[in-house]
file final.txt (compact mmCIF, N, CA, C and O atoms)
# COMPACT_ATOMS: atom_id res chain seq x y z
N ALA A 1 -10.84 -7.78 -2.12
CA ALA A 1 -10.21 -8.31 -0.93
C ALA A 1 -10.03 -7.18 0.08
O ALA A 1 -9.63 -6.09 -0.28
N ALA A 2 -10.31 -7.47 1.31
CA ALA A 2 -10.20 -6.46 2.37
C ALA A 2 -8.73 -6.26 2.73
O ALA A 2 -7.96 -7.20 2.75
N PRO A 3 -8.34 -5.02 3.01
CA PRO A 3 -6.96 -4.78 3.45
C PRO A 3 -6.67 -5.53 4.75
O PRO A 3 -7.56 -5.78 5.54
N HIS A 4 -5.45 -5.90 4.94
CA HIS A 4 -5.05 -6.57 6.17
C HIS A 4 -3.59 -6.29 6.44
O HIS A 4 -2.87 -5.81 5.59
N ARG A 5 -3.16 -6.64 7.62
CA ARG A 5 -1.75 -6.49 7.95
C ARG A 5 -0.99 -7.71 7.42
O ARG A 5 -1.49 -8.81 7.47
N PRO A 6 0.22 -7.50 6.92
CA PRO A 6 1.00 -8.65 6.46
C PRO A 6 1.24 -9.62 7.62
O PRO A 6 1.39 -9.20 8.75
N GLY A 7 1.22 -10.86 7.32
CA GLY A 7 1.44 -11.87 8.33
C GLY A 7 1.99 -13.12 7.69
O GLY A 7 2.47 -13.08 6.57
N PRO A 8 1.86 -14.25 8.36
CA PRO A 8 2.42 -15.48 7.83
C PRO A 8 1.84 -15.88 6.48
O PRO A 8 2.49 -16.54 5.70
N VAL A 9 0.61 -15.45 6.20
CA VAL A 9 -0.03 -15.85 4.94
C VAL A 9 0.40 -14.94 3.79
O VAL A 9 0.45 -15.35 2.65
N THR A 10 0.74 -13.69 4.08
CA THR A 10 1.11 -12.73 3.05
C THR A 10 2.62 -12.56 3.03
O THR A 10 3.20 -12.09 4.01
N PRO A 11 3.27 -12.93 1.92
CA PRO A 11 4.73 -12.75 1.90
C PRO A 11 5.11 -11.27 1.88
O PRO A 11 4.53 -10.49 1.15
N VAL A 12 6.05 -10.91 2.70
CA VAL A 12 6.56 -9.54 2.72
C VAL A 12 7.80 -9.54 1.83
O VAL A 12 8.66 -10.40 1.96
N PRO A 13 7.91 -8.57 0.92
CA PRO A 13 9.05 -8.55 0.00
C PRO A 13 10.38 -8.47 0.73
O PRO A 13 10.45 -8.05 1.88
N GLU A 14 11.43 -8.83 0.01
CA GLU A 14 12.78 -8.84 0.56
C GLU A 14 13.12 -7.51 1.22
O GLU A 14 12.97 -6.45 0.62
N ARG A 15 13.54 -7.56 2.45
CA ARG A 15 13.99 -6.43 3.25
C ARG A 15 12.95 -5.31 3.37
O ARG A 15 13.31 -4.17 3.64
N ALA A 16 11.70 -5.61 3.16
CA ALA A 16 10.65 -4.59 3.36
C ALA A 16 10.45 -4.37 4.85
O ALA A 16 10.66 -5.27 5.66
N SER A 17 10.02 -3.17 5.18
CA SER A 17 9.73 -2.83 6.56
C SER A 17 8.32 -2.25 6.61
O SER A 17 8.09 -1.16 6.07
N ILE A 18 7.41 -2.97 7.22
CA ILE A 18 6.02 -2.53 7.29
C ILE A 18 5.66 -2.37 8.76
O ILE A 18 5.72 -3.32 9.53
N HIS A 19 5.30 -1.13 9.13
CA HIS A 19 4.98 -0.86 10.53
C HIS A 19 3.79 -1.73 10.95
O HIS A 19 2.87 -1.96 10.16
N PRO A 20 3.75 -2.21 12.19
CA PRO A 20 2.67 -3.08 12.65
C PRO A 20 1.28 -2.45 12.57
O PRO A 20 0.28 -3.16 12.50
N THR A 21 1.20 -1.12 12.57
CA THR A 21 -0.12 -0.48 12.49
C THR A 21 -0.55 -0.20 11.05
O THR A 21 -1.68 0.24 10.82
N ALA A 22 0.32 -0.41 10.09
CA ALA A 22 -0.02 -0.19 8.68
C ALA A 22 -0.96 -1.29 8.20
O ALA A 22 -0.92 -2.42 8.69
N ILE A 23 -1.79 -0.95 7.22
CA ILE A 23 -2.70 -1.92 6.61
C ILE A 23 -2.33 -2.01 5.13
O ILE A 23 -2.34 -1.00 4.42
N VAL A 24 -2.00 -3.21 4.68
CA VAL A 24 -1.58 -3.43 3.30
C VAL A 24 -2.48 -4.50 2.68
O VAL A 24 -2.57 -5.61 3.21
N SER A 25 -3.12 -4.16 1.57
CA SER A 25 -3.99 -5.12 0.89
C SER A 25 -3.16 -6.27 0.31
O SER A 25 -2.06 -6.05 -0.20
N PRO A 26 -3.70 -7.47 0.35
CA PRO A 26 -3.01 -8.59 -0.30
C PRO A 26 -3.00 -8.43 -1.82
O PRO A 26 -2.24 -9.10 -2.52
N ALA A 27 -3.82 -7.52 -2.36
CA ALA A 27 -3.86 -7.26 -3.79
C ALA A 27 -2.95 -6.08 -4.18
O ALA A 27 -3.01 -5.60 -5.30
N ALA A 28 -2.13 -5.61 -3.25
CA ALA A 28 -1.12 -4.59 -3.54
C ALA A 28 0.21 -5.30 -3.81
O ALA A 28 0.44 -6.40 -3.33
N THR A 29 1.07 -4.64 -4.59
CA THR A 29 2.39 -5.19 -4.90
C THR A 29 3.44 -4.24 -4.36
O THR A 29 3.48 -3.07 -4.75
N LEU A 30 4.28 -4.74 -3.47
CA LEU A 30 5.34 -3.93 -2.89
C LEU A 30 6.69 -4.40 -3.42
O LEU A 30 6.96 -5.60 -3.45
N GLY A 31 7.54 -3.45 -3.83
CA GLY A 31 8.87 -3.79 -4.30
C GLY A 31 9.81 -4.11 -3.15
O GLY A 31 9.44 -4.07 -1.98
N ARG A 32 11.04 -4.40 -3.50
CA ARG A 32 12.07 -4.70 -2.50
C ARG A 32 12.47 -3.44 -1.75
O ARG A 32 12.45 -2.35 -2.29
N ASN A 33 12.83 -3.60 -0.51
CA ASN A 33 13.34 -2.52 0.34
C ASN A 33 12.33 -1.40 0.56
O ASN A 33 12.71 -0.25 0.80
N VAL A 34 11.05 -1.70 0.47
CA VAL A 34 10.00 -0.71 0.70
C VAL A 34 9.81 -0.51 2.20
O VAL A 34 9.86 -1.47 2.96
N ARG A 35 9.57 0.73 2.61
CA ARG A 35 9.26 1.03 4.00
C ARG A 35 7.88 1.66 4.06
O ARG A 35 7.60 2.62 3.33
N VAL A 36 7.02 1.11 4.92
CA VAL A 36 5.66 1.62 5.08
C VAL A 36 5.51 2.05 6.53
O VAL A 36 5.70 1.26 7.45
N GLY A 37 5.16 3.33 6.72
CA GLY A 37 5.10 3.92 8.06
C GLY A 37 3.83 3.61 8.82
O GLY A 37 2.88 2.99 8.31
N ALA A 38 3.81 4.09 10.04
CA ALA A 38 2.69 3.86 10.96
C ALA A 38 1.38 4.38 10.39
O ALA A 38 1.33 5.47 9.81
N TYR A 39 0.35 3.60 10.54
CA TYR A 39 -1.03 3.94 10.16
C TYR A 39 -1.21 4.21 8.67
O TYR A 39 -2.23 4.77 8.28
N ALA A 40 -0.26 3.85 7.85
CA ALA A 40 -0.43 3.98 6.40
C ALA A 40 -1.41 2.89 5.93
O ALA A 40 -1.52 1.82 6.54
N VAL A 41 -2.13 3.19 4.85
CA VAL A 41 -3.07 2.23 4.26
C VAL A 41 -2.74 2.12 2.78
O VAL A 41 -2.67 3.13 2.07
N ILE A 42 -2.54 0.89 2.31
CA ILE A 42 -2.27 0.64 0.90
C ILE A 42 -3.36 -0.29 0.39
O ILE A 42 -3.46 -1.44 0.82
N HIS A 43 -4.19 0.23 -0.51
CA HIS A 43 -5.35 -0.49 -1.03
C HIS A 43 -5.00 -1.41 -2.21
O HIS A 43 -3.88 -1.38 -2.72
N ASP A 44 -6.02 -2.17 -2.65
CA ASP A 44 -5.90 -3.03 -3.83
C ASP A 44 -5.38 -2.25 -5.02
O ASP A 44 -5.73 -1.08 -5.21
N GLY A 45 -4.59 -2.90 -5.86
CA GLY A 45 -4.17 -2.33 -7.13
C GLY A 45 -3.01 -1.36 -7.05
O GLY A 45 -2.63 -0.77 -8.06
N VAL A 46 -2.43 -1.17 -5.87
CA VAL A 46 -1.27 -0.28 -5.75
C VAL A 46 -0.02 -1.09 -6.04
O VAL A 46 0.15 -2.19 -5.53
N HIS A 47 0.84 -0.54 -6.88
CA HIS A 47 2.13 -1.16 -7.21
C HIS A 47 3.21 -0.17 -6.80
O HIS A 47 3.34 0.89 -7.40
N LEU A 48 3.95 -0.51 -5.76
CA LEU A 48 4.95 0.38 -5.19
C LEU A 48 6.34 -0.12 -5.55
O LEU A 48 6.69 -1.26 -5.26
N GLY A 49 7.15 0.74 -6.21
CA GLY A 49 8.47 0.35 -6.70
C GLY A 49 9.49 0.11 -5.61
O GLY A 49 9.33 0.52 -4.45
N ASP A 50 10.59 -0.52 -6.00
CA ASP A 50 11.70 -0.82 -5.10
C ASP A 50 12.22 0.44 -4.42
O ASP A 50 12.23 1.52 -5.01
N ASP A 51 12.68 0.28 -3.19
CA ASP A 51 13.35 1.33 -2.43
C ASP A 51 12.48 2.56 -2.19
O ASP A 51 12.99 3.67 -2.07
N SER A 52 11.17 2.38 -2.13
CA SER A 52 10.26 3.49 -1.89
C SER A 52 9.90 3.58 -0.42
O SER A 52 10.00 2.60 0.32
N VAL A 53 9.44 4.76 -0.02
CA VAL A 53 9.06 5.01 1.37
C VAL A 53 7.65 5.60 1.37
O VAL A 53 7.37 6.55 0.65
N VAL A 54 6.77 5.02 2.18
CA VAL A 54 5.43 5.55 2.39
C VAL A 54 5.40 6.02 3.84
O VAL A 54 5.55 5.22 4.76
N GLY A 55 5.20 7.31 4.02
CA GLY A 55 5.24 7.88 5.36
C GLY A 55 4.02 7.55 6.20
O GLY A 55 3.06 6.91 5.74
N THR A 56 4.05 8.02 7.43
CA THR A 56 2.95 7.76 8.36
C THR A 56 1.66 8.41 7.87
O THR A 56 1.67 9.45 7.23
N HIS A 57 0.56 7.74 8.14
CA HIS A 57 -0.79 8.23 7.87
C HIS A 57 -1.10 8.44 6.38
O HIS A 57 -2.07 9.12 6.06
N CYS A 58 -0.30 7.90 5.48
CA CYS A 58 -0.58 8.03 4.04
C CYS A 58 -1.59 6.98 3.62
O CYS A 58 -1.60 5.86 4.13
N VAL A 59 -2.44 7.33 2.65
CA VAL A 59 -3.41 6.40 2.09
C VAL A 59 -3.17 6.35 0.59
O VAL A 59 -3.24 7.38 -0.09
N LEU A 60 -2.86 5.17 0.07
CA LEU A 60 -2.60 5.00 -1.35
C LEU A 60 -3.66 4.12 -1.99
O LEU A 60 -3.99 3.06 -1.46
N GLY A 61 -4.20 4.57 -3.12
CA GLY A 61 -5.17 3.78 -3.86
C GLY A 61 -6.57 3.79 -3.29
O GLY A 61 -7.34 2.85 -3.51
N GLU A 62 -6.91 4.84 -2.55
CA GLU A 62 -8.26 4.90 -1.97
C GLU A 62 -9.28 4.87 -3.09
O GLU A 62 -9.13 5.55 -4.11
N PRO A 63 -10.35 4.07 -2.95
CA PRO A 63 -11.35 3.98 -4.01
C PRO A 63 -11.95 5.34 -4.36
O PRO A 63 -12.14 6.19 -3.49
N LEU A 64 -12.24 5.51 -5.64
CA LEU A 64 -12.88 6.73 -6.12
C LEU A 64 -14.37 6.67 -5.83
O LEU A 64 -14.90 5.65 -5.37
N ALA A 65 -15.09 7.75 -6.10
CA ALA A 65 -16.51 7.86 -5.75
C ALA A 65 -17.35 6.72 -6.31
O ALA A 65 -18.32 6.30 -5.68
N GLY A 66 -17.01 6.18 -7.48
CA GLY A 66 -17.79 5.10 -8.09
C GLY A 66 -17.89 3.86 -7.22
O GLY A 66 -18.85 3.09 -7.30
N TYR A 67 -16.92 3.67 -6.35
CA TYR A 67 -16.89 2.52 -5.46
C TYR A 67 -18.13 2.46 -4.57
O TYR A 67 -18.64 1.40 -4.25
N TYR A 68 -18.62 3.63 -4.16
CA TYR A 68 -19.70 3.69 -3.19
C TYR A 68 -21.08 3.50 -3.80
O TYR A 68 -22.04 3.32 -3.08
N GLY A 69 -21.19 3.53 -5.13
CA GLY A 69 -22.51 3.40 -5.74
C GLY A 69 -22.63 2.30 -6.77
O GLY A 69 -23.71 2.10 -7.32
N ASP A 70 -21.56 1.58 -7.05
CA ASP A 70 -21.58 0.58 -8.11
C ASP A 70 -20.93 -0.71 -7.60
O ASP A 70 -19.72 -0.75 -7.36
N ALA A 71 -21.71 -1.76 -7.48
CA ALA A 71 -21.21 -3.04 -6.95
C ALA A 71 -20.14 -3.64 -7.86
O ALA A 71 -19.29 -4.41 -7.40
N ALA A 72 -20.14 -3.29 -9.15
CA ALA A 72 -19.17 -3.86 -10.10
C ALA A 72 -17.92 -2.98 -10.24
O ALA A 72 -17.04 -3.29 -11.03
N TYR A 73 -17.83 -1.92 -9.45
CA TYR A 73 -16.72 -0.97 -9.56
C TYR A 73 -15.38 -1.65 -9.25
O TYR A 73 -15.26 -2.44 -8.32
N GLU A 74 -14.39 -1.33 -10.06
CA GLU A 74 -13.01 -1.76 -9.78
C GLU A 74 -12.13 -0.52 -9.76
O GLU A 74 -12.13 0.26 -10.72
N ASN A 75 -11.40 -0.34 -8.70
CA ASN A 75 -10.54 0.82 -8.58
C ASN A 75 -9.41 0.76 -9.60
O ASN A 75 -8.83 -0.31 -9.82
N PRO A 76 -9.05 1.87 -10.25
CA PRO A 76 -7.93 1.85 -11.19
C PRO A 76 -6.62 1.59 -10.46
O PRO A 76 -6.47 1.93 -9.29
N ALA A 77 -5.68 0.98 -11.17
CA ALA A 77 -4.37 0.69 -10.59
C ALA A 77 -3.62 1.98 -10.31
O ALA A 77 -3.82 2.99 -10.99
N LEU A 78 -2.77 1.95 -9.31
CA LEU A 78 -1.90 3.07 -8.98
C LEU A 78 -0.47 2.57 -9.06
O LEU A 78 -0.08 1.70 -8.28
N GLU A 79 0.30 3.08 -10.00
CA GLU A 79 1.68 2.64 -10.22
C GLU A 79 2.62 3.72 -9.70
O GLU A 79 2.59 4.86 -10.18
N ILE A 80 3.45 3.36 -8.72
CA ILE A 80 4.43 4.28 -8.16
C ILE A 80 5.80 3.68 -8.41
O ILE A 80 6.06 2.54 -8.03
N GLY A 81 6.64 4.43 -9.08
CA GLY A 81 7.97 3.93 -9.48
C GLY A 81 8.93 3.77 -8.32
O GLY A 81 8.63 4.09 -7.17
N PRO A 82 10.14 3.31 -8.65
CA PRO A 82 11.14 3.10 -7.62
C PRO A 82 11.66 4.41 -7.02
O PRO A 82 11.59 5.46 -7.65
N HIS A 83 12.16 4.33 -5.81
CA HIS A 83 12.80 5.43 -5.08
C HIS A 83 11.86 6.58 -4.77
O HIS A 83 12.31 7.72 -4.56
N ALA A 84 10.56 6.32 -4.74
CA ALA A 84 9.59 7.37 -4.41
C ALA A 84 9.56 7.58 -2.90
O ALA A 84 9.76 6.66 -2.12
N VAL A 85 9.29 8.82 -2.50
CA VAL A 85 9.08 9.15 -1.09
C VAL A 85 7.72 9.82 -1.03
O VAL A 85 7.50 10.87 -1.63
N ILE A 86 6.80 9.19 -0.31
CA ILE A 86 5.42 9.69 -0.22
C ILE A 86 5.15 10.02 1.24
O ILE A 86 5.39 9.21 2.13
N ARG A 87 4.64 11.21 1.45
CA ARG A 87 4.35 11.63 2.83
C ARG A 87 3.04 12.38 2.87
O ARG A 87 2.59 12.91 1.85
N SER A 88 2.42 12.42 4.02
CA SER A 88 1.18 13.16 4.15
C SER A 88 1.51 14.63 4.30
O SER A 88 2.58 15.00 4.76
N GLY A 89 0.57 15.48 3.87
CA GLY A 89 0.85 16.86 3.74
C GLY A 89 0.67 17.73 4.88
O GLY A 89 0.98 18.82 5.03
call {"tool": "encode", "arguments": {"input": "final.txt", "output": "structure tokens"}}
result
Amino acid sequence: AAPHRPGPVTPVPERASIHPTAIVSPAATLGRNVRVGAYAVIHDGVHLGDDSVVGTHCVLGEPLAGYYGDAAYENPALEIGPHAVIRSG
């Protein structure tokens, strides 16, 4: 599934805050009270715990090299626990 911005079709978790420029895959799981910053990208298979913060310009769950050469490739899941703070370096 292609990443997209949350909208009427994609439920946003309770009290989540997702910046309008962020891209969140419908195959990602966001916990309660999650904040996603400007231009962040969250790919398929990412599980983000409650009360976590994803800073601006962060990319989570980017496909590994196998994605580009194998049509059957599935990206491994990325599990991030609660209260995490993720920022670009």
call {"tool": "atom_distance", "arguments": {"input": "final.txt", "atom1": "CA of His57 (chain A)", "atom2": "CA of Ala84 (chain A)"}}
result
16.1 Å
call {"tool": "residues_near_point", "arguments": {"input": "final.txt", "point": "(7.0, 4.4, 1.4)", "cutoff": "6 Å", "atoms": "all atoms listed in the file", "output": "number ranges by chain"}}
result
A: 34-37, 52-55, 84-86
call {"tool": "residues_around", "arguments": {"input": "final.txt", "residues": "region 66-83 of chain A", "least_positions_apart": "5", "cutoff": "8 Å", "atoms": "only C-alpha atoms", "output": "PyMOL selection string"}}
result
chain A and resi 31+44-53+60-61
call {"tool": "closest_residue", "arguments": {"input": "final.txt", "among": "A:Ile42, A:Pro63, A:Gly89, A:Cys58", "to": "Ala27 (chain A)", "atoms": "only N, CA, C and O atoms"}}
result
A:Ile42
call {"tool": "atom_distance", "arguments": {"input": "final.txt", "atom1": "CA of Pro26 (chain A)", "atom2": "CA of Ala40 (chain A)"}}
result
14.5 Å
call {"tool": "closest_residue", "arguments": {"input": "final.txt", "among": "A:Arg32, A:Arg87, A:Ala38, A:Val59", "to": "His19 (chain A)", "atoms": "only N, CA, C and O atoms"}}
result
A:Ala38
call {"tool": "select_by_dssp", "arguments": {"input": "final.txt", "residues": "chain A", "states": "strand (DSSP E)", "output": "MDAnalysis selection string"}}
result
chainID A and resid 17:18 23:24 29:30 35:36 41:42 46:48 53:54 59:60 78:80 85:86
call {"tool": "build_atoms", "arguments": {"input": "final.txt", "residues": "region 18-29 of chain A", "atoms": "all heavy atoms", "output": "CSV table (one decimal), in the coordinates of the input"}}
result
chain,number,residue,atom,x,y,z
A,18,ILE,N,7.4,-3.0,7.2
A,18,ILE,CA,6.0,-2.5,7.3
A,18,ILE,C,5.7,-2.4,8.8
A,18,ILE,O,5.7,-3.3,9.5
A,18,ILE,CB,5.1,-3.5,6.6
A,18,ILE,CG1,5.5,-3.7,5.1
A,18,ILE,CG2,3.6,-3.1,6.7
A,18,ILE,CD1,4.8,-4.8,4.4
A,19,HIS,N,5.3,-1.1,9.1
A,19,HIS,CA,5.0,-0.9,10.5
A,19,HIS,C,3.8,-1.7,11.0
A,19,HIS,O,2.9,-2.0,10.2
A,19,HIS,CB,4.6,0.6,10.7
A,19,HIS,CG,4.6,1.0,12.1
A,19,HIS,ND1,3.5,0.9,12.9
A,19,HIS,CD2,5.5,1.6,12.9
A,19,HIS,CE1,3.7,1.3,14.1
A,19,HIS,NE2,5.0,1.8,14.2
A,20,PRO,N,3.8,-2.2,12.2
A,20,PRO,CA,2.7,-3.1,12.6
A,20,PRO,C,1.3,-2.4,12.6
A,20,PRO,O,0.3,-3.2,12.5
A,20,PRO,CB,3.0,-3.4,14.1
A,20,PRO,CG,4.4,-2.9,14.3
A,20,PRO,CD,4.8,-2.0,13.2
A,21,THR,N,1.2,-1.1,12.6
A,21,THR,CA,-0.1,-0.5,12.5
A,21,THR,C,-0.6,-0.2,11.0
A,21,THR,O,-1.7,0.2,10.8
A,21,THR,CB,-0.1,0.9,13.3
A,21,THR,OG1,0.8,1.7,12.7
A,21,THR,CG2,0.1,0.6,14.7
A,22,ALA,N,0.3,-0.4,10.1
A,22,ALA,CA,0.0,-0.2,8.7
A,22,ALA,C,-1.0,-1.3,8.2
A,22,ALA,O,-0.9,-2.4,8.7
A,22,ALA,CB,1.2,-0.2,7.8
A,23,ILE,N,-1.8,-1.0,7.2
A,23,ILE,CA,-2.7,-1.9,6.6
A,23,ILE,C,-2.3,-2.0,5.1
A,23,ILE,O,-2.3,-1.0,4.4
A,23,ILE,CB,-4.2,-1.5,6.8
A,23,ILE,CG1,-4.5,-1.4,8.3
A,23,ILE,CG2,-5.1,-2.5,6.1
A,23,ILE,CD1,-5.9,-0.8,8.5
A,24,VAL,N,-2.0,-3.2,4.7
A,24,VAL,CA,-1.6,-3.4,3.3
A,24,VAL,C,-2.5,-4.5,2.7
A,24,VAL,O,-2.6,-5.6,3.2
A,24,VAL,CB,-0.1,-3.9,3.2
A,24,VAL,CG1,0.3,-4.1,1.8
A,24,VAL,CG2,0.8,-2.8,3.8
A,25,SER,N,-3.1,-4.2,1.6
A,25,SER,CA,-4.0,-5.1,0.9
A,25,SER,C,-3.2,-6.3,0.3
A,25,SER,O,-2.1,-6.0,-0.2
A,25,SER,CB,-4.7,-4.4,-0.3
A,25,SER,OG,-5.3,-5.4,-1.1
A,26,PRO,N,-3.7,-7.5,0.4
A,26,PRO,CA,-3.0,-8.6,-0.3
A,26,PRO,C,-3.0,-8.4,-1.8
A,26,PRO,O,-2.2,-9.1,-2.5
A,26,PRO,CB,-3.8,-9.8,0.1
A,26,PRO,CG,-5.1,-9.3,0.5
A,26,PRO,CD,-4.9,-7.9,1.0
A,27,ALA,N,-3.8,-7.5,-2.4
A,27,ALA,CA,-3.9,-7.3,-3.8
A,27,ALA,C,-3.0,-6.1,-4.2
A,27,ALA,O,-3.0,-5.6,-5.3
A,27,ALA,CB,-5.3,-7.0,-4.2
A,28,ALA,N,-2.1,-5.6,-3.2
A,28,ALA,CA,-1.1,-4.6,-3.5
A,28,ALA,C,0.2,-5.3,-3.8
A,28,ALA,O,0.4,-6.4,-3.3
A,28,ALA,CB,-1.0,-3.6,-2.4
A,29,THR,N,1.1,-4.6,-4.6
A,29,THR,CA,2.4,-5.2,-4.9
A,29,THR,C,3.4,-4.2,-4.4
A,29,THR,O,3.5,-3.1,-4.8
A,29,THR,CB,2.6,-5.3,-6.4
A,29,THR,OG1,1.5,-6.1,-6.9
A,29,THR,CG2,3.9,-6.0,-6.7
